[in-house]
Amino acid sequence: MSGKNLVELRFGKLVVLERTDQKKRSCYLWRCKCDCGNEILVDTTSLTRFQRKSCGCLATSPKIDLQGKVFGRLTVLEFAHESKKGALWKCQCSCGNIAKFTTYQLNCGIVKSCGCLHTDVASEQLKENRKSSYVDGTNLGAIKSKVVHRNNTSGVRGVTWHKGRGKWTARISFKGKRIPLGYFDDINDAAEARKKAEGKYFGEYLASKDVENNGQGK
(Lines give C-alpha, C1' and ligand atoms only; values in the text may rest on other atoms or scores of the structure.)
Protein backbone atom coordinates (compact mmCIF):
# COMPACT_ATOMS: atom_id res chain seq x y z
CA MET A 1 0.00 0.00 0.00
CA SER A 2 3.06 2.22 0.37
CA GLY A 3 2.97 3.21 -3.31
CA LYS A 4 -0.73 3.93 -3.37
CA ASN A 5 -2.61 7.11 -2.78
CA LEU A 6 -3.67 7.27 0.88
CA VAL A 7 -5.75 10.44 0.61
CA GLU A 8 -9.16 10.12 2.34
CA LEU A 9 -8.25 6.72 3.79
CA ARG A 10 -8.81 6.19 7.51
CA PHE A 11 -6.27 4.69 9.87
CA GLY A 12 -7.75 4.46 13.35
CA LYS A 13 -8.76 8.01 14.29
CA LEU A 14 -6.68 9.50 11.46
CA VAL A 15 -8.00 10.52 8.05
CA VAL A 16 -5.38 11.31 5.41
CA LEU A 17 -5.77 14.76 3.86
CA GLU A 18 -2.80 14.98 1.50
CA ARG A 19 0.73 13.83 0.78
CA THR A 20 3.48 16.35 1.44
CA ASP A 21 6.91 16.65 -0.21
CA GLN A 22 8.59 15.88 3.10
CA LYS A 23 10.08 12.48 3.81
CA LYS A 24 11.09 10.43 6.81
CA ARG A 25 13.44 7.48 6.24
CA SER A 26 12.65 7.57 2.51
CA CYS A 27 8.87 7.49 3.25
CA TYR A 28 6.61 10.38 2.35
CA LEU A 29 4.88 12.24 5.17
CA TRP A 30 1.11 12.53 4.97
CA ARG A 31 -0.91 15.31 6.53
CA CYS A 32 -3.64 13.68 8.57
CA LYS A 33 -6.54 14.97 10.61
CA CYS A 34 -7.44 13.24 13.85
CA ASP A 35 -11.03 12.81 15.00
CA CYS A 36 -10.20 15.08 17.94
CA GLY A 37 -9.46 17.91 15.46
CA ASN A 38 -5.67 17.96 15.55
CA GLU A 39 -3.59 17.69 12.38
CA ILE A 40 -0.24 15.85 12.23
CA LEU A 41 2.28 14.52 9.71
CA VAL A 42 2.70 10.73 9.61
CA ASP A 43 5.00 8.66 7.42
CA THR A 44 3.65 6.03 5.05
CA THR A 45 4.94 3.05 7.02
CA SER A 46 3.44 4.18 10.32
CA LEU A 47 0.05 4.53 8.62
CA THR A 48 -0.04 1.40 6.53
CA ARG A 49 1.23 -0.80 9.38
CA PHE A 50 -1.22 0.88 11.78
CA GLN A 51 1.62 1.93 14.04
CA ARG A 52 0.00 5.36 14.36
CA LYS A 53 -3.76 5.53 14.91
CA SER A 54 -4.21 9.03 16.33
CA CYS A 55 -2.47 12.32 16.92
CA GLY A 56 -1.58 10.99 20.35
CA CYS A 57 -4.93 11.50 22.02
CA LEU A 58 -5.55 7.76 22.20
CA ALA A 59 -2.61 7.46 24.58
CA THR A 60 -4.19 10.05 26.84
CA SER A 61 -7.75 8.75 26.75
CA PRO A 62 -9.38 8.90 30.20
CA LYS A 63 -9.23 5.88 32.49
CA ILE A 64 -12.78 6.63 33.65
CA ASP A 65 -15.46 6.67 30.94
CA LEU A 66 -18.16 9.24 31.69
CA GLN A 67 -19.88 9.16 28.30
CA GLY A 68 -23.66 8.98 28.68
CA LYS A 69 -23.63 9.77 32.39
CA VAL A 70 -25.75 12.56 33.85
CA PHE A 71 -24.53 15.12 36.39
CA GLY A 72 -27.32 17.44 37.45
CA ARG A 73 -28.44 19.15 34.27
CA LEU A 74 -25.41 17.93 32.32
CA THR A 75 -25.32 14.87 30.07
CA VAL A 76 -21.85 13.77 28.97
CA LEU A 77 -21.76 13.42 25.19
CA GLU A 78 -18.18 12.36 24.61
CA PHE A 79 -14.55 12.68 25.62
CA ALA A 80 -13.19 15.95 24.21
CA HIS A 81 -9.46 15.94 24.89
CA GLU A 82 -6.84 15.88 27.58
CA SER A 83 -5.98 19.16 29.26
CA LYS A 84 -3.52 20.28 31.92
CA LYS A 85 -6.30 19.85 34.47
CA GLY A 86 -7.24 16.37 33.27
CA ALA A 87 -9.68 14.80 30.84
CA LEU A 88 -12.20 17.23 29.38
CA TRP A 89 -15.70 16.01 28.52
CA LYS A 90 -18.13 17.55 26.07
CA CYS A 91 -21.46 17.93 27.87
CA GLN A 92 -24.92 19.12 26.92
CA CYS A 93 -26.95 21.03 29.47
CA SER A 94 -30.72 20.54 29.73
CA CYS A 95 -31.05 24.16 28.57
CA GLY A 96 -29.37 23.17 25.29
CA ASN A 97 -25.95 24.73 25.80
CA ILE A 98 -22.78 22.74 25.13
CA ALA A 99 -19.84 23.05 27.53
CA LYS A 100 -16.67 21.18 28.50
CA PHE A 101 -15.77 20.11 32.03
CA THR A 102 -13.10 17.95 33.62
CA THR A 103 -13.64 14.56 35.22
CA TYR A 104 -12.91 16.11 38.61
CA GLN A 105 -15.48 18.90 38.17
CA LEU A 106 -18.19 16.41 37.20
CA ASN A 107 -17.48 13.65 39.72
CA CYS A 108 -17.08 16.04 42.65
CA GLY A 109 -20.30 17.94 41.88
CA ILE A 110 -18.48 21.22 41.31
CA VAL A 111 -20.56 21.75 38.18
CA LYS A 112 -24.14 20.65 37.61
CA SER A 113 -25.05 22.83 34.65
CA CYS A 114 -23.55 25.11 32.01
CA GLY A 115 -24.10 27.93 34.49
CA CYS A 116 -27.84 28.32 34.06
CA LEU A 117 -28.55 26.53 37.34
CA HIS A 118 -26.76 29.24 39.31
CA THR A 119 -28.69 31.90 37.39
CA ASP A 120 -32.03 30.18 38.04
CA VAL A 121 -31.30 29.75 41.76
CA ALA A 122 -30.28 33.40 42.06
CA SER A 123 -33.45 34.45 40.25
CA GLU A 124 -35.65 32.37 42.56
CA GLN A 125 -33.84 33.75 45.61
CA LEU A 126 -34.42 37.29 44.37
CA LYS A 127 -38.13 36.54 43.95
CA GLU A 128 -38.32 35.16 47.49
CA ASN A 129 -36.51 38.19 48.88
CA ARG A 130 -38.93 40.50 47.09
CA LYS A 131 -41.91 38.58 48.43
CA SER A 132 -40.63 38.78 51.99
CA SER A 133 -40.00 42.55 51.70
CA TYR A 134 -43.57 43.29 50.61
CA VAL A 135 -46.58 43.43 52.95
CA ASP A 136 -50.01 44.28 51.58
CA GLY A 137 -48.37 45.52 48.38
CA THR A 138 -46.03 47.82 50.31
CA ASN A 139 -42.24 47.58 50.13
CA LEU A 140 -41.24 47.77 53.77
CA GLY A 141 -37.59 48.44 53.03
CA ALA A 142 -38.42 51.31 50.70
CA ILE A 143 -40.62 53.25 53.11
CA LYS A 144 -38.17 52.83 55.98
CA SER A 145 -35.11 53.86 53.96
CA LYS A 146 -33.67 57.35 54.34
CA VAL A 147 -31.76 57.11 51.07
CA VAL A 148 -32.27 60.05 48.70
CA HIS A 149 -31.97 59.41 44.97
CA ARG A 150 -28.95 60.96 43.24
CA ASN A 151 -31.12 62.98 40.85
CA ASN A 152 -32.92 64.60 43.79
CA THR A 153 -31.53 68.15 44.10
CA SER A 154 -33.50 69.05 47.21
CA GLY A 155 -31.88 66.55 49.55
CA VAL A 156 -35.35 65.60 50.84
CA ARG A 157 -37.10 62.41 49.81
CA GLY A 158 -40.17 63.09 47.67
CA VAL A 159 -39.38 66.79 47.25
CA THR A 160 -38.17 68.23 43.93
CA TRP A 161 -37.99 71.60 42.15
CA HIS A 162 -40.62 72.13 39.45
CA LYS A 163 -39.11 74.41 36.79
CA GLY A 164 -42.40 75.08 35.04
CA ARG A 165 -44.12 76.44 38.15
CA GLY A 166 -40.99 77.77 39.83
CA LYS A 167 -41.99 76.00 43.03
CA TRP A 168 -41.10 73.03 45.15
CA THR A 169 -43.33 70.02 44.68
CA ALA A 170 -43.86 67.16 47.08
CA ARG A 171 -45.17 63.68 46.38
CA ILE A 172 -45.23 60.23 47.92
CA SER A 173 -45.45 56.73 46.43
CA PHE A 174 -47.66 54.19 48.17
CA LYS A 175 -48.78 50.73 47.00
CA GLY A 176 -47.58 51.41 43.47
CA LYS A 177 -49.30 54.78 43.17
CA ARG A 178 -47.70 58.23 43.07
CA ILE A 179 -49.65 60.70 45.20
CA PRO A 180 -49.05 64.47 44.62
CA LEU A 181 -48.91 66.59 47.78
CA GLY A 182 -48.91 70.07 46.23
CA TYR A 183 -46.57 72.94 45.29
CA PHE A 184 -44.74 75.18 47.77
CA ASP A 185 -42.69 78.36 47.68
CA ASP A 186 -40.61 77.24 50.65
CA ILE A 187 -38.76 73.92 50.58
CA ASN A 188 -39.39 73.52 54.30
CA ASP A 189 -43.14 73.57 53.69
CA ALA A 190 -42.74 70.90 51.00
CA ALA A 191 -40.60 68.80 53.35
CA GLU A 192 -43.19 69.13 56.10
CA ALA A 193 -45.97 68.03 53.72
CA ARG A 194 -43.95 64.99 52.80
CA LYS A 195 -43.31 64.17 56.45
CA LYS A 196 -47.01 64.35 57.31
CA ALA A 197 -47.85 62.15 54.32
CA GLU A 198 -45.34 59.55 55.50
CA GLY A 199 -47.10 59.47 58.86
CA LYS A 200 -50.46 59.12 57.14
CA TYR A 201 -49.58 56.46 54.60
CA PHE A 202 -46.57 54.71 56.14
CA GLY A 203 -47.50 54.96 59.81
CA GLU A 204 -48.59 51.39 60.53
CA TYR A 205 -45.80 49.98 58.38
CA LEU A 206 -43.07 52.12 59.91
CA ALA A 207 -44.06 50.75 63.30
CA SER A 208 -43.71 47.15 62.09
CA LYS A 209 -40.78 45.15 63.46
CA ASP A 210 -40.40 43.53 60.06
CA VAL A 211 -39.27 46.75 58.38
CA GLU A 212 -35.70 46.54 57.07
CA ASN A 213 -33.30 49.44 56.81
CA ASN A 214 -31.67 48.48 53.54
CA GLY A 215 -34.37 49.37 51.01
CA GLN A 216 -34.42 52.09 48.39
CA GLY A 217 -36.44 55.22 49.09
CA LYS A 218 -38.82 56.81 46.68
# chains A, B, ... in the order shown; residues from 1 in each chain; ligands from 1
call {"tool": "residues_around", "arguments": {"residues": "stretch 15-20 of chain A", "least_positions_apart": "6", "cutoff": "12 Å", "atoms": "only C-alpha atoms", "output": "VMD selection string"}}
result
chain A and resid 2 to 9 27 to 44 47 to 48 52 to 55
call {"tool": "atom_distance", "arguments": {"atom1": "atom CA of A:Asn107", "atom2": "atom CA of A:Gly56"}}
result
25.2 Å
call {"tool": "residues_around", "arguments": {"residues": "A:Lys85", "least_positions_apart": "4", "cutoff": "12 Å", "atoms": "only C-alpha atoms", "output": "list of chain:residue names"}}
result
A:His81, A:Trp89, A:Phe101, A:Thr102, A:Thr103, A:Tyr104, A:Gln105
call {"tool": "select_by_dssp", "arguments": {"residues": "stretch 17-203 of chain A", "states": "strand (DSSP E)", "output": "VMD selection string"}}
result
chain A and resid 17 to 24 27 to 34 39 to 43 70 to 71 74 to 83 86 to 93 98 to 102 134 to 135 138 to 139 159 to 162 167 to 174 177 to 184
call {"tool": "atom_distance", "arguments": {"atom1": "atom CA of A:Ile64", "atom2": "atom CA of A:Ile110"}}
result
17.4 Å
call {"tool": "closest_residue", "arguments": {"among": "A:Gln51, A:Ser26, A:Ser173, A:Ser154", "to": "A:Asn188", "atoms": "only C-alpha atoms"}}
result
A:Ser154
call {"tool": "residues_around", "arguments": {"residues": "A:Asn97", "least_positions_apart": "6", "cutoff": "12 Å", "atoms": "only C-alpha atoms", "output": "list in words"}}
result
Arg73, Leu74, Thr75, Lys90, Cys91, Ser113, Cys114, Gly115, Cys116 and Leu117 of chain A
call {"tool": "atom_distance", "arguments": {"atom1": "atom CA of A:Gly155", "atom2": "atom CA of A:Pro180"}}
result
18.0 Å
